[in-house]
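A.B. asks: For reference, the file upload-v6.pdb (PDB, C-alpha atoms) is included below:
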MODEL        1
ATOM      1  CA  MET A   7    -131.194 -82.370 -64.394
ATOM      2  CA  THR A   8    -130.300 -78.689 -64.334
ATOM      3  CA  GLU A   9    -127.694 -76.832 -66.341
ATOM      4  CA  SER A  10    -124.924 -74.394 -65.437
ATOM      5  CA  ASN A  11    -126.144 -71.231 -63.708
ATOM      6  CA  ALA A  12    -123.963 -68.753 -65.586
ATOM      7  CA  HIS A  13    -126.869 -66.269 -65.761
ATOM      8  CA  CYS A  14    -128.466 -67.099 -62.414
ATOM      9  CA  PRO A  15    -128.181 -65.170 -59.149
ATOM     10  CA  PRO A  16    -125.273 -66.120 -56.879
ATOM     11  CA  ILE A  17    -125.687 -68.963 -54.414
ATOM     12  CA  ALA A  18    -123.684 -69.297 -51.203
ATOM     13  CA  THR A  19    -123.736 -71.892 -48.442
ATOM     14  CA  LEU A  20    -122.654 -71.227 -44.871
ATOM     15  CA  THR A  21    -121.134 -73.960 -42.698
ATOM     16  CA  LEU A  22    -120.157 -72.697 -39.270
ATOM     17  CA  ASN A  23    -119.313 -76.133 -37.889
ATOM     18  CA  PRO A  24    -117.985 -78.322 -40.727
ATOM     19  CA  ALA A  25    -116.459 -81.743 -40.260
ATOM     20  CA  VAL A  26    -114.501 -84.525 -41.796
ATOM     21  CA  ASP A  27    -117.050 -87.316 -42.171
ATOM     22  CA  ILE A  28    -115.742 -90.850 -41.835
ATOM     23  CA  ALA A  29    -117.960 -93.777 -42.794
ATOM     24  CA  TYR A  30    -117.172 -97.357 -41.782
ATOM     25  CA  GLU A  31    -118.947-100.426 -43.074
ATOM     26  CA  VAL A  32    -118.739-103.369 -40.678
ATOM     27  CA  THR A  33    -120.346-106.780 -40.655
ATOM     28  CA  HIS A  34    -121.231-106.701 -36.974
ATOM     29  CA  LEU A  35    -120.295-104.640 -33.927
ATOM     30  CA  ILE A  36    -119.330-106.652 -30.845
ATOM     31  CA  ALA A  37    -119.144-104.980 -27.440
ATOM     32  CA  ASP A  38    -115.609-104.672 -26.036
ATOM     33  CA  GLN A  39    -114.118-106.222 -29.173
ATOM     34  CA  LYS A  40    -112.326-104.801 -32.196
ATOM     35  CA  SER A  41    -114.539-104.581 -35.287
ATOM     36  CA  HIS A  42    -112.755-104.546 -38.644
ATOM     37  CA  ALA A  43    -114.208-102.335 -41.359
ATOM     38  CA  THR A  44    -114.939-103.836 -44.753
ATOM     39  CA  SER A  45    -114.722-100.363 -46.289
ATOM     40  CA  THR A  46    -113.873 -96.828 -45.171
ATOM     41  CA  ARG A  47    -114.718 -93.495 -46.750
ATOM     42  CA  TYR A  48    -113.648 -89.895 -45.958
ATOM     43  CA  ASP A  49    -115.713 -86.912 -47.108
ATOM     44  CA  PRO A  50    -115.924 -83.216 -46.310
ATOM     45  CA  GLY A  51    -118.941 -82.791 -44.061
ATOM     46  CA  GLY A  52    -121.291 -80.299 -42.494
ATOM     47  CA  ASN A  53    -124.724 -79.527 -43.913
ATOM     48  CA  GLY A  54    -123.751 -76.447 -45.906
ATOM     49  CA  ILE A  55    -120.785 -78.242 -47.439
ATOM     50  CA  ASN A  56    -123.013 -81.196 -48.341
ATOM     51  CA  VAL A  57    -125.461 -78.828 -50.059
ATOM     52  CA  ALA A  58    -122.589 -77.289 -52.024
ATOM     53  CA  ARG A  59    -121.281 -80.751 -52.999
ATOM     54  CA  ALA A  60    -124.735 -81.635 -54.285
ATOM     55  CA  LEU A  61    -125.068 -78.349 -56.202
ATOM     56  CA  LYS A  62    -121.753 -79.064 -57.915
ATOM     57  CA  GLU A  63    -123.086 -82.492 -58.898
ATOM     58  CA  LEU A  64    -126.083 -80.653 -60.387
ATOM     59  CA  LEU A  65    -123.705 -78.376 -62.335
ATOM     60  CA  VAL A  66    -124.916 -75.360 -60.354
ATOM     61  CA  TYR A  67    -122.088 -73.062 -59.267
ATOM     62  CA  ALA A  68    -122.081 -72.173 -55.582
ATOM     63  CA  HIS A  69    -119.802 -70.327 -53.195
ATOM     64  CA  SER A  70    -119.118 -72.030 -49.870
ATOM     65  CA  CYS A  71    -118.103 -70.264 -46.679
ATOM     66  CA  CYS A  72    -116.909 -72.327 -43.720
ATOM     67  CA  ILE A  73    -114.752 -72.267 -40.589
ATOM     68  CA  VAL A  74    -111.745 -74.604 -40.301
ATOM     69  CA  ALA A  75    -109.341 -75.329 -37.460
ATOM     70  CA  GLY A  76    -106.230 -77.402 -36.749
ATOM     71  CA  ASN A  77    -104.914 -80.498 -38.497
ATOM     72  CA  ILE A  78    -108.375 -81.876 -39.205
ATOM     73  CA  GLY A  79    -109.198 -78.521 -40.780
ATOM     74  CA  GLU A  80    -106.209 -78.928 -43.106
ATOM     75  CA  LEU A  81    -107.474 -82.355 -44.127
ATOM     76  CA  LEU A  82    -110.932 -80.888 -44.685
ATOM     77  CA  GLN A  83    -109.527 -78.231 -47.013
ATOM     78  CA  LYS A  84    -107.741 -80.897 -49.062
ATOM     79  CA  LEU A  85    -110.974 -82.859 -49.356
ATOM     80  CA  LEU A  86    -112.826 -79.709 -50.423
ATOM     81  CA  GLN A  87    -110.492 -78.933 -53.320
ATOM     82  CA  HIS A  88    -112.179 -81.262 -55.791
ATOM     83  CA  GLN A  89    -115.680 -81.406 -54.349
ATOM     84  CA  LEU A  90    -116.661 -77.712 -54.178
ATOM     85  CA  ASP A  91    -116.606 -74.965 -56.789
ATOM     86  CA  ASP A  92    -115.492 -72.050 -54.631
ATOM     87  CA  PRO A  93    -114.596 -72.769 -50.984
ATOM     88  CA  HIS A  94    -113.892 -69.815 -48.676
ATOM     89  CA  CYS A  95    -112.290 -71.022 -45.440
ATOM     90  CA  VAL A  96    -111.828 -68.862 -42.348
ATOM     91  CA  HIS A  97    -109.229 -70.244 -39.905
ATOM     92  CA  VAL A  98    -109.704 -70.338 -36.136
ATOM     93  CA  GLU A  99    -107.886 -71.934 -33.230
ATOM     94  CA  GLY A 100    -108.887 -75.394 -32.069
ATOM     95  CA  GLU A 101    -109.735 -78.449 -34.142
ATOM     96  CA  THR A 102    -112.371 -79.115 -36.800
ATOM     97  CA  ARG A 103    -114.682 -81.902 -35.676
ATOM     98  CA  VAL A 104    -114.767 -85.461 -36.965
ATOM     99  CA  ASN A 105    -118.123 -87.189 -37.494
ATOM    100  CA  ALA A 106    -118.383 -90.959 -37.762
ATOM    101  CA  THR A 107    -121.050 -93.085 -39.445
ATOM    102  CA  ILE A 108    -120.984 -96.826 -38.824
ATOM    103  CA  LEU A 109    -123.034 -98.974 -41.160
ATOM    104  CA  GLN A 110    -123.568-102.407 -39.659
ATOM    105  CA  GLY A 111    -124.562-105.184 -42.016
ATOM    106  CA  ASP A 112    -126.016-107.805 -39.665
ATOM    107  CA  PRO A 113    -128.483-106.669 -38.526
ATOM    108  CA  ALA A 114    -128.647-103.631 -40.822
ATOM    109  CA  VAL A 115    -128.294-100.614 -38.517
ATOM    110  CA  GLN A 116    -126.801 -97.140 -38.978
ATOM    111  CA  PHE A 117    -124.949 -95.467 -36.102
ATOM    112  CA  GLU A 118    -123.922 -91.800 -36.190
ATOM    113  CA  ILE A 119    -121.520 -89.985 -33.859
ATOM    114  CA  THR A 120    -121.177 -86.221 -34.186
ATOM    115  CA  GLY A 121    -118.128 -84.298 -32.984
ATOM    116  CA  ILE A 122    -118.083 -80.909 -31.261
ATOM    117  CA  GLY A 123    -115.820 -78.508 -33.176
ATOM    118  CA  PRO A 124    -113.999 -75.311 -32.163
ATOM    119  CA  ARG A 125    -115.353 -72.318 -30.279
ATOM    120  CA  VAL A 126    -115.782 -69.200 -32.442
ATOM    121  CA  SER A 127    -115.216 -65.669 -31.180
ATOM    122  CA  GLU A 128    -117.410 -62.714 -32.070
ATOM    123  CA  LEU A 129    -114.505 -61.239 -34.047
ATOM    124  CA  ILE A 130    -114.236 -64.350 -36.249
ATOM    125  CA  LEU A 131    -118.000 -64.536 -36.564
ATOM    126  CA  ALA A 132    -118.068 -60.958 -37.861
ATOM    127  CA  GLU A 133    -115.408 -61.869 -40.439
ATOM    128  CA  VAL A 134    -117.377 -64.909 -41.584
ATOM    129  CA  ARG A 135    -120.617 -62.927 -41.703
ATOM    130  CA  LYS A 136    -119.096 -60.236 -43.925
ATOM    131  CA  ALA A 137    -117.497 -62.752 -46.291
ATOM    132  CA  PHE A 138    -120.742 -64.681 -46.624
ATOM    133  CA  LEU A 139    -122.903 -61.615 -47.239
ATOM    134  CA  ASP A 140    -120.532 -60.500 -49.980
ATOM    135  CA  LEU A 141    -120.878 -63.917 -51.637
ATOM    136  CA  CYS A 142    -124.689 -64.125 -51.539
ATOM    137  CA  LYS A 143    -125.506 -60.492 -52.381
ATOM    138  CA  ASP A 144    -128.601 -60.318 -54.630
ATOM    139  CA  GLY A 145    -128.764 -64.110 -54.597
ATOM    140  CA  PHE A 146    -129.558 -67.079 -52.397
ATOM    141  CA  ALA A 147    -128.090 -67.736 -48.957
ATOM    142  CA  ILE A 148    -128.261 -71.285 -47.638
ATOM    143  CA  LEU A 149    -128.107 -71.347 -43.836
ATOM    144  CA  THR A 150    -128.043 -74.904 -42.618
ATOM    145  CA  GLY A 151    -126.808 -77.197 -39.893
ATOM    146  CA  SER A 152    -125.522 -76.700 -36.374
ATOM    147  CA  VAL A 153    -123.559 -73.636 -35.283
ATOM    148  CA  SER A 154    -120.196 -73.467 -33.560
ATOM    149  CA  LEU A 155    -119.676 -73.197 -29.824
ATOM    150  CA  GLY A 156    -120.091 -69.559 -28.846
ATOM    151  CA  VAL A 157    -122.673 -68.751 -31.539
ATOM    152  CA  ASP A 158    -126.063 -67.526 -30.366
ATOM    153  CA  GLU A 159    -129.217 -69.476 -31.273
ATOM    154  CA  HIS A 160    -130.617 -66.287 -32.873
ATOM    155  CA  PHE A 161    -127.788 -66.280 -35.431
ATOM    156  CA  TYR A 162    -129.759 -67.609 -38.401
ATOM    157  CA  GLY A 163    -132.656 -65.245 -37.767
ATOM    158  CA  ASP A 164    -130.236 -62.325 -37.679
ATOM    159  CA  MET A 165    -128.629 -63.576 -40.899
ATOM    160  CA  VAL A 166    -132.001 -63.743 -42.670
ATOM    161  CA  ASP A 167    -132.392 -59.990 -42.020
ATOM    162  CA  ARG A 168    -128.828 -59.245 -43.106
ATOM    163  CA  VAL A 169    -129.189 -61.288 -46.290
ATOM    164  CA  ARG A 170    -132.409 -59.461 -47.132
ATOM    165  CA  ALA A 171    -130.621 -56.126 -46.604
ATOM    166  CA  VAL A 172    -128.101 -57.033 -49.354
ATOM    167  CA  GLY A 173    -130.848 -58.095 -51.747
ATOM    168  CA  GLY A 174    -130.724 -61.832 -51.087
ATOM    169  CA  GLN A 175    -133.136 -64.548 -50.007
ATOM    170  CA  SER A 176    -132.455 -67.142 -47.318
ATOM    171  CA  ILE A 177    -132.999 -70.875 -47.204
ATOM    172  CA  VAL A 178    -132.911 -72.169 -43.611
ATOM    173  CA  ASP A 179    -132.523 -75.863 -42.852
ATOM    174  CA  ALA A 180    -131.958 -76.191 -39.124
ATOM    175  CA  HIS A 181    -133.745 -77.596 -36.113
ATOM    176  CA  GLY A 182    -134.744 -76.632 -32.609
ATOM    177  CA  ALA A 183    -134.127 -73.098 -31.391
ATOM    178  CA  LEU A 184    -132.126 -72.121 -34.498
ATOM    179  CA  LEU A 185    -135.167 -72.711 -36.710
ATOM    180  CA  GLN A 186    -137.684 -71.447 -34.175
ATOM    181  CA  HIS A 187    -135.916 -68.100 -33.875
ATOM    182  CA  ALA A 188    -135.462 -67.805 -37.656
ATOM    183  CA  LEU A 189    -139.174 -68.099 -38.486
ATOM    184  CA  PRO A 190    -140.240 -64.586 -37.363
ATOM    185  CA  HIS A 191    -137.627 -63.167 -39.762
ATOM    186  CA  LYS A 192    -139.481 -64.791 -42.683
ATOM    187  CA  PRO A 193    -136.867 -66.705 -44.682
ATOM    188  CA  PHE A 194    -137.603 -67.562 -48.314
ATOM    189  CA  LEU A 195    -137.670 -71.323 -47.694
ATOM    190  CA  ILE A 196    -137.350 -73.720 -44.770
ATOM    191  CA  LYS A 197    -136.973 -77.508 -44.886
ATOM    192  CA  PRO A 198    -137.826 -79.236 -41.597
ATOM    193  CA  ASN A 199    -138.489 -82.950 -41.461
ATOM    194  CA  ARG A 200    -141.729 -84.267 -40.000
ATOM    195  CA  TYR A 201    -140.276 -84.562 -36.489
ATOM    196  CA  GLU A 202    -138.813 -81.038 -36.551
ATOM    197  CA  LEU A 203    -142.126 -79.645 -37.783
ATOM    198  CA  SER A 204    -143.979 -81.427 -34.983
ATOM    199  CA  LEU A 205    -141.624 -79.818 -32.459
ATOM    200  CA  LEU A 206    -142.249 -76.401 -34.011
ATOM    201  CA  ARG A 207    -146.021 -76.835 -33.863
ATOM    202  CA  GLN A 208    -145.932 -78.694 -30.530
ATOM    203  CA  ARG A 209    -148.124 -81.592 -31.637
ATOM    204  CA  GLU A 210    -147.926 -84.959 -33.324
ATOM    205  CA  LEU A 211    -148.393 -85.008 -37.109
ATOM    206  CA  PRO A 212    -149.268 -88.597 -38.014
ATOM    207  CA  THR A 213    -150.880 -87.947 -41.428
ATOM    208  CA  LEU A 214    -149.814 -86.193 -44.612
ATOM    209  CA  GLU A 215    -152.830 -83.900 -44.345
ATOM    210  CA  GLU A 216    -151.846 -82.723 -40.881
ATOM    211  CA  VAL A 217    -148.256 -82.130 -41.985
ATOM    212  CA  ALA A 218    -149.495 -80.103 -44.953
ATOM    213  CA  LYS A 219    -151.876 -78.020 -42.822
ATOM    214  CA  GLU A 220    -149.129 -77.069 -40.370
ATOM    215  CA  ALA A 221    -146.749 -76.292 -43.233
ATOM    216  CA  ARG A 222    -149.436 -74.067 -44.763
ATOM    217  CA  ALA A 223    -149.917 -72.283 -41.424
ATOM    218  CA  ILE A 224    -146.188 -71.445 -41.310
ATOM    219  CA  GLN A 225    -146.265 -70.342 -44.940
ATOM    220  CA  ARG A 226    -149.124 -67.954 -44.189
ATOM    221  CA  GLU A 227    -147.048 -66.454 -41.387
ATOM    222  CA  GLY A 228    -144.544 -65.171 -43.951
ATOM    223  CA  VAL A 229    -142.230 -67.995 -45.046
ATOM    224  CA  GLN A 230    -142.627 -68.220 -48.818
ATOM    225  CA  TYR A 231    -141.947 -71.954 -49.186
ATOM    226  CA  VAL A 232    -142.103 -74.730 -46.591
ATOM    227  CA  CYS A 233    -140.718 -78.107 -47.653
ATOM    228  CA  VAL A 234    -141.183 -80.985 -45.222
ATOM    229  CA  SER A 235    -139.105 -84.109 -45.770
ATOM    230  CA  LEU A 236    -140.856 -87.353 -44.863
ATOM    231  CA  GLY A 237    -137.995 -89.837 -45.130
ATOM    232  CA  SER A 238    -138.785 -92.837 -47.299
ATOM    233  CA  ASP A 239    -142.311 -91.462 -47.852
ATOM    234  CA  GLY A 240    -140.976 -88.498 -49.857
ATOM    235  CA  ALA A 241    -141.638 -84.800 -49.203
ATOM    236  CA  LEU A 242    -144.207 -82.066 -49.565
ATOM    237  CA  LEU A 243    -143.804 -78.446 -50.595
ATOM    238  CA  VAL A 244    -146.205 -75.661 -49.667
ATOM    239  CA  GLY A 245    -145.941 -72.260 -51.343
ATOM    240  CA  PRO A 246    -148.036 -69.257 -52.349
ATOM    241  CA  ASP A 247    -149.203 -70.985 -55.532
ATOM    242  CA  GLY A 248    -150.143 -74.387 -54.153
ATOM    243  CA  SER A 249    -149.206 -77.509 -52.196
ATOM    244  CA  TYR A 250    -147.448 -80.517 -53.690
ATOM    245  CA  PHE A 251    -146.447 -83.999 -52.576
ATOM    246  CA  ALA A 252    -143.841 -86.250 -54.177
ATOM    247  CA  LYS A 253    -143.415 -89.877 -53.144
ATOM    248  CA  ALA A 254    -139.819 -91.045 -52.869
ATOM    249  CA  PRO A 255    -138.758 -93.404 -55.664
ATOM    250  CA  PRO A 256    -138.098 -96.983 -54.575
ATOM    251  CA  VAL A 257    -134.366 -97.214 -53.888
ATOM    252  CA  PRO A 258    -132.349 -99.505 -51.632
ATOM    253  CA  VAL A 259    -131.532 -97.215 -48.690
ATOM    254  CA  LYS A 260    -127.873 -97.602 -47.702
ATOM    255  CA  SER A 261    -127.288 -94.421 -45.680
ATOM    256  CA  THR A 262    -129.420 -91.368 -44.926
ATOM    257  CA  VAL A 263    -126.422 -89.090 -44.262
ATOM    258  CA  GLY A 264    -126.669 -86.050 -46.548
ATOM    259  CA  SER A 265    -130.082 -86.916 -48.002
ATOM    260  CA  GLY A 266    -131.738 -83.798 -46.597
ATOM    261  CA  ASP A 267    -128.861 -81.637 -47.824
ATOM    262  CA  SER A 268    -129.188 -83.150 -51.292
ATOM    263  CA  MET A 269    -132.905 -82.355 -51.227
ATOM    264  CA  VAL A 270    -132.145 -78.711 -50.382
ATOM    265  CA  ALA A 271    -129.683 -78.567 -53.282
ATOM    266  CA  GLY A 272    -132.277 -79.942 -55.695
ATOM    267  CA  LEU A 273    -134.901 -77.447 -54.549
ATOM    268  CA  VAL A 274    -132.519 -74.512 -54.876
ATOM    269  CA  ALA A 275    -131.142 -75.648 -58.242
ATOM    270  CA  ALA A 276    -134.635 -75.828 -59.724
ATOM    271  CA  LEU A 277    -135.921 -72.592 -58.211
ATOM    272  CA  VAL A 278    -132.924 -70.488 -59.310
ATOM    273  CA  HIS A 279    -133.542 -71.702 -62.856
ATOM    274  CA  GLY A 280    -137.164 -70.562 -62.693
ATOM    275  CA  GLN A 281    -138.679 -74.044 -62.625
ATOM    276  CA  SER A 282    -142.080 -74.566 -61.037
ATOM    277  CA  PRO A 283    -142.440 -75.545 -57.370
ATOM    278  CA  ALA A 284    -143.672 -78.986 -58.462
ATOM    279  CA  GLU A 285    -140.531 -79.516 -60.556
ATOM    280  CA  ALA A 286    -138.374 -78.228 -57.700
ATOM    281  CA  LEU A 287    -139.943 -80.790 -55.367
ATOM    282  CA  ARG A 288    -139.405 -83.589 -57.901
ATOM    283  CA  LEU A 289    -135.729 -82.726 -58.253
ATOM    284  CA  GLY A 290    -135.290 -82.343 -54.496
ATOM    285  CA  VAL A 291    -136.835 -85.748 -53.776
ATOM    286  CA  ALA A 292    -134.835 -87.392 -56.565
ATOM    287  CA  CYS A 293    -131.571 -85.951 -55.213
ATOM    288  CA  GLY A 294    -132.376 -86.981 -51.643
ATOM    289  CA  SER A 295    -133.288 -90.506 -52.721
ATOM    290  CA  GLY A 296    -130.175 -90.787 -54.868
ATOM    291  CA  THR A 297    -128.032 -89.966 -51.845
ATOM    292  CA  ALA A 298    -129.916 -92.414 -49.612
ATOM    293  CA  ALA A 299    -129.007 -95.151 -52.092
ATOM    294  CA  ARG A 300    -125.295 -94.407 -51.678
ATOM    295  CA  PRO A 301    -123.142 -95.876 -48.916
ATOM    296  CA  GLY A 302    -121.786 -93.869 -46.005
ATOM    297  CA  THR A 303    -121.285 -90.182 -46.641
ATOM    298  CA  GLU A 304    -121.303 -90.420 -50.432
ATOM    299  CA  ILE A 305    -123.863 -88.296 -52.308
ATOM    300  CA  PHE A 306    -125.863 -88.966 -55.471
ATOM    301  CA  SER A 307    -124.352 -88.885 -58.937
ATOM    302  CA  HIS A 308    -125.835 -86.713 -61.675
ATOM    303  CA  ASN A 309    -125.825 -89.869 -63.825
ATOM    304  CA  ASP A 310    -128.560 -91.313 -61.581
ATOM    305  CA  LEU A 311    -130.970 -88.418 -61.877
ATOM    306  CA  ASP A 312    -132.674 -89.069 -65.196
ATOM    307  CA  GLU A 313    -133.905 -92.460 -64.004
ATOM    308  CA  LEU A 314    -134.845 -91.137 -60.553
ATOM    309  CA  LEU A 315    -136.799 -88.253 -62.051
ATOM    310  CA  ARG A 316    -138.563 -90.624 -64.420
ATOM    311  CA  VAL A 317    -140.153 -92.424 -61.458
ATOM    312  CA  THR A 318    -140.725 -89.343 -59.265
ATOM    313  CA  GLU A 319    -143.994 -87.457 -59.686
ATOM    314  CA  ALA A 320    -145.383 -84.455 -57.835
ATOM    315  CA  GLN A 321    -149.115 -84.405 -57.178
ATOM    316  CA  VAL A 322    -151.205 -81.386 -56.218
ATOM    317  CA  LEU A 323    -152.652 -81.284 -52.690
ATOM    318  CA  ASP A 324    -155.821 -79.322 -52.000
ATOM    319  CA  ILE A 325    -154.391 -77.713 -48.847
TER     320      ILE A 325
ENDMDL
END
Render the structure in this file as structure tokens.
C.D. replies:
Amino acid sequence: MTESNAHCPPIATLTLNPAVDIAYEVTHLIADQKSHATSTRYDPGGNGINVARALKELLVYAHSCCIVAGNIGELLQKLLQHQLDDPHCVHVEGETRVNATILQGDPAVQFEITGIGPRVSELILAEVRKAFLDLCKDGFAILTGSVSLGVDEHFYGDMVDRVRAVGGQSIVDAHGALLQHALPHKPFLIKPNRYELSLLRQRELPTLEEVAKEARAIQREGVQYVCVSLGSDGALLVGPDGSYFAKAPPVPVKSTVGSGDSMVAGLVAALVHGQSPAEALRLGVACGSGTAARPGTEIFSHNDLDELLRVTEAQVLDI
């Protein structure tokens, strides 16, 4: 596990479309009937916020910039108070979205419903952009998740250039057009999953070797590190100094919500402390697996990491 980053470059996460995440555990859903939850959990949500929550669990200080709106936004801010180090909230009209995760026990199935969120004007977007660039200057900018209504799909690509202009490096974890348009701007690191990578490369990627080859092709186009998450199979990381694969430790998977965000946090935490890419991948996979073993929208605990890291190894790939 990593230590405090008192002497490390600043880290900032951006969450344009945060949420209050509600997780329900139910025995069984019955159509047209009321289903009573056996447990309920409320967490601040949105990918950037989840990354910041995980960084705090890793004892790595991070700034967090997000947009909030309405009564749900007020609830979100209260939830953020104890789960983030340094939240910066910009207020807009409308209502922050609510996301719901339903974990059915019999049969074991996970359902996810994602809300919409408020529309953001160009004026507000400019305010958020300036605040975020001030926070990540000469450091690391984590650009992840969906964007608000009214935000162009080129936004992350534009931000990669702006972050570079203030001396920072960008980590982009997004899908579809947001990621596609960010690639030509050459972010420091991207983290697609296998499916998202197959969409980028417009072909099926059934084997680890094919995933690694496509990740290497993107890396050679100017992205310094490409990490591809493979779900319960683990993840691979391709960089200028080699390719690595880490198998996920055997954990009972309870919910996959936030696992990818936890992986991003582990990667960033290791890299800002100067650890090797192989060690960064190990920590990322351990964090992601630790979150998958938690119910609902809960993330891993730092107390779990020593054991998870003990059974997580990174092997070198000749690709």
A.B. asks: Quick one: everything within 8 Å of Gly151 in chain A, counting all atoms listed in the file, minus sequence neighbours fewer than 4 positions away in the same chain. Send it as a ChimeraX atom specification.
C.D. replies: /A:21,23,52-54,179-181
A.B. asks: Mind checking which residues fall within 12 Å of His13 in chain A, counting all atoms listed in the file, ignoring those fewer than 3 positions away in the same chain, and posting them as a PDB file with C-alpha atoms, in the frame of the given file?
C.D. replies:
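File produced: result-v1.pdb:
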ATOM      1  CA  GLU A   9    -127.694 -76.832 -66.341  1.00  0.00           C
ATOM      2  CA  SER A  10    -124.924 -74.394 -65.437  1.00  0.00           C
ATOM      3  CA  PRO A  16    -125.273 -66.120 -56.879  1.00  0.00           C
ATOM      4  CA  ILE A  17    -125.687 -68.963 -54.414  1.00  0.00           C
ATOM      5  CA  VAL A  66    -124.916 -75.360 -60.354  1.00  0.00           C
ATOM      6  CA  TYR A  67    -122.088 -73.062 -59.267  1.00  0.00           C
ATOM      7  CA  GLY A 145    -128.764 -64.110 -54.597  1.00  0.00           C
ATOM      8  CA  VAL A 278    -132.924 -70.488 -59.310  1.00  0.00           C
ATOM      9  CA  HIS A 279    -133.542 -71.702 -62.856  1.00  0.00           C
ATOM     10  CA  GLY A 280    -137.164 -70.562 -62.693  1.00  0.00           C
TER      11      GLY A 280
END
A.B. asks: Of the candidates A:Gly264, A:Leu195, A:Asp158, A:Ile177, which one gets nearest to Asp49 in chain A if we count all atoms listed in the file?
C.D. replies: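 Of A:Gly264, A:Leu195, A:Asp158, A:Ile177, the one nearest Asp49 in chain A is A:Gly264, counting all atoms listed in the file.
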A.B. asks: Select, from A:Cys71, A:Ala114, A:Leu90, A:Leu273, the residue with the minimum atom-to-atom distance to Lys260 in chain A, counting only C-alpha atoms.
C.D. replies: A:Ala114
A.B. asks: Using all atoms listed in the file, which residue out of A:Pro255, A:Gly290, A:Pro50, A:Gly76 lies closest to Ser235 in chain A?
C.D. replies: A:Gly290
A.B. asks: To one decimal place in Å, what is the distance between CA of Ala271 in chain A and CA of Val178 in chain A?
C.D. replies: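 Separating CA of Ala271 in chain A from CA of Val178 in chain A is a distance of 12.0 Å.
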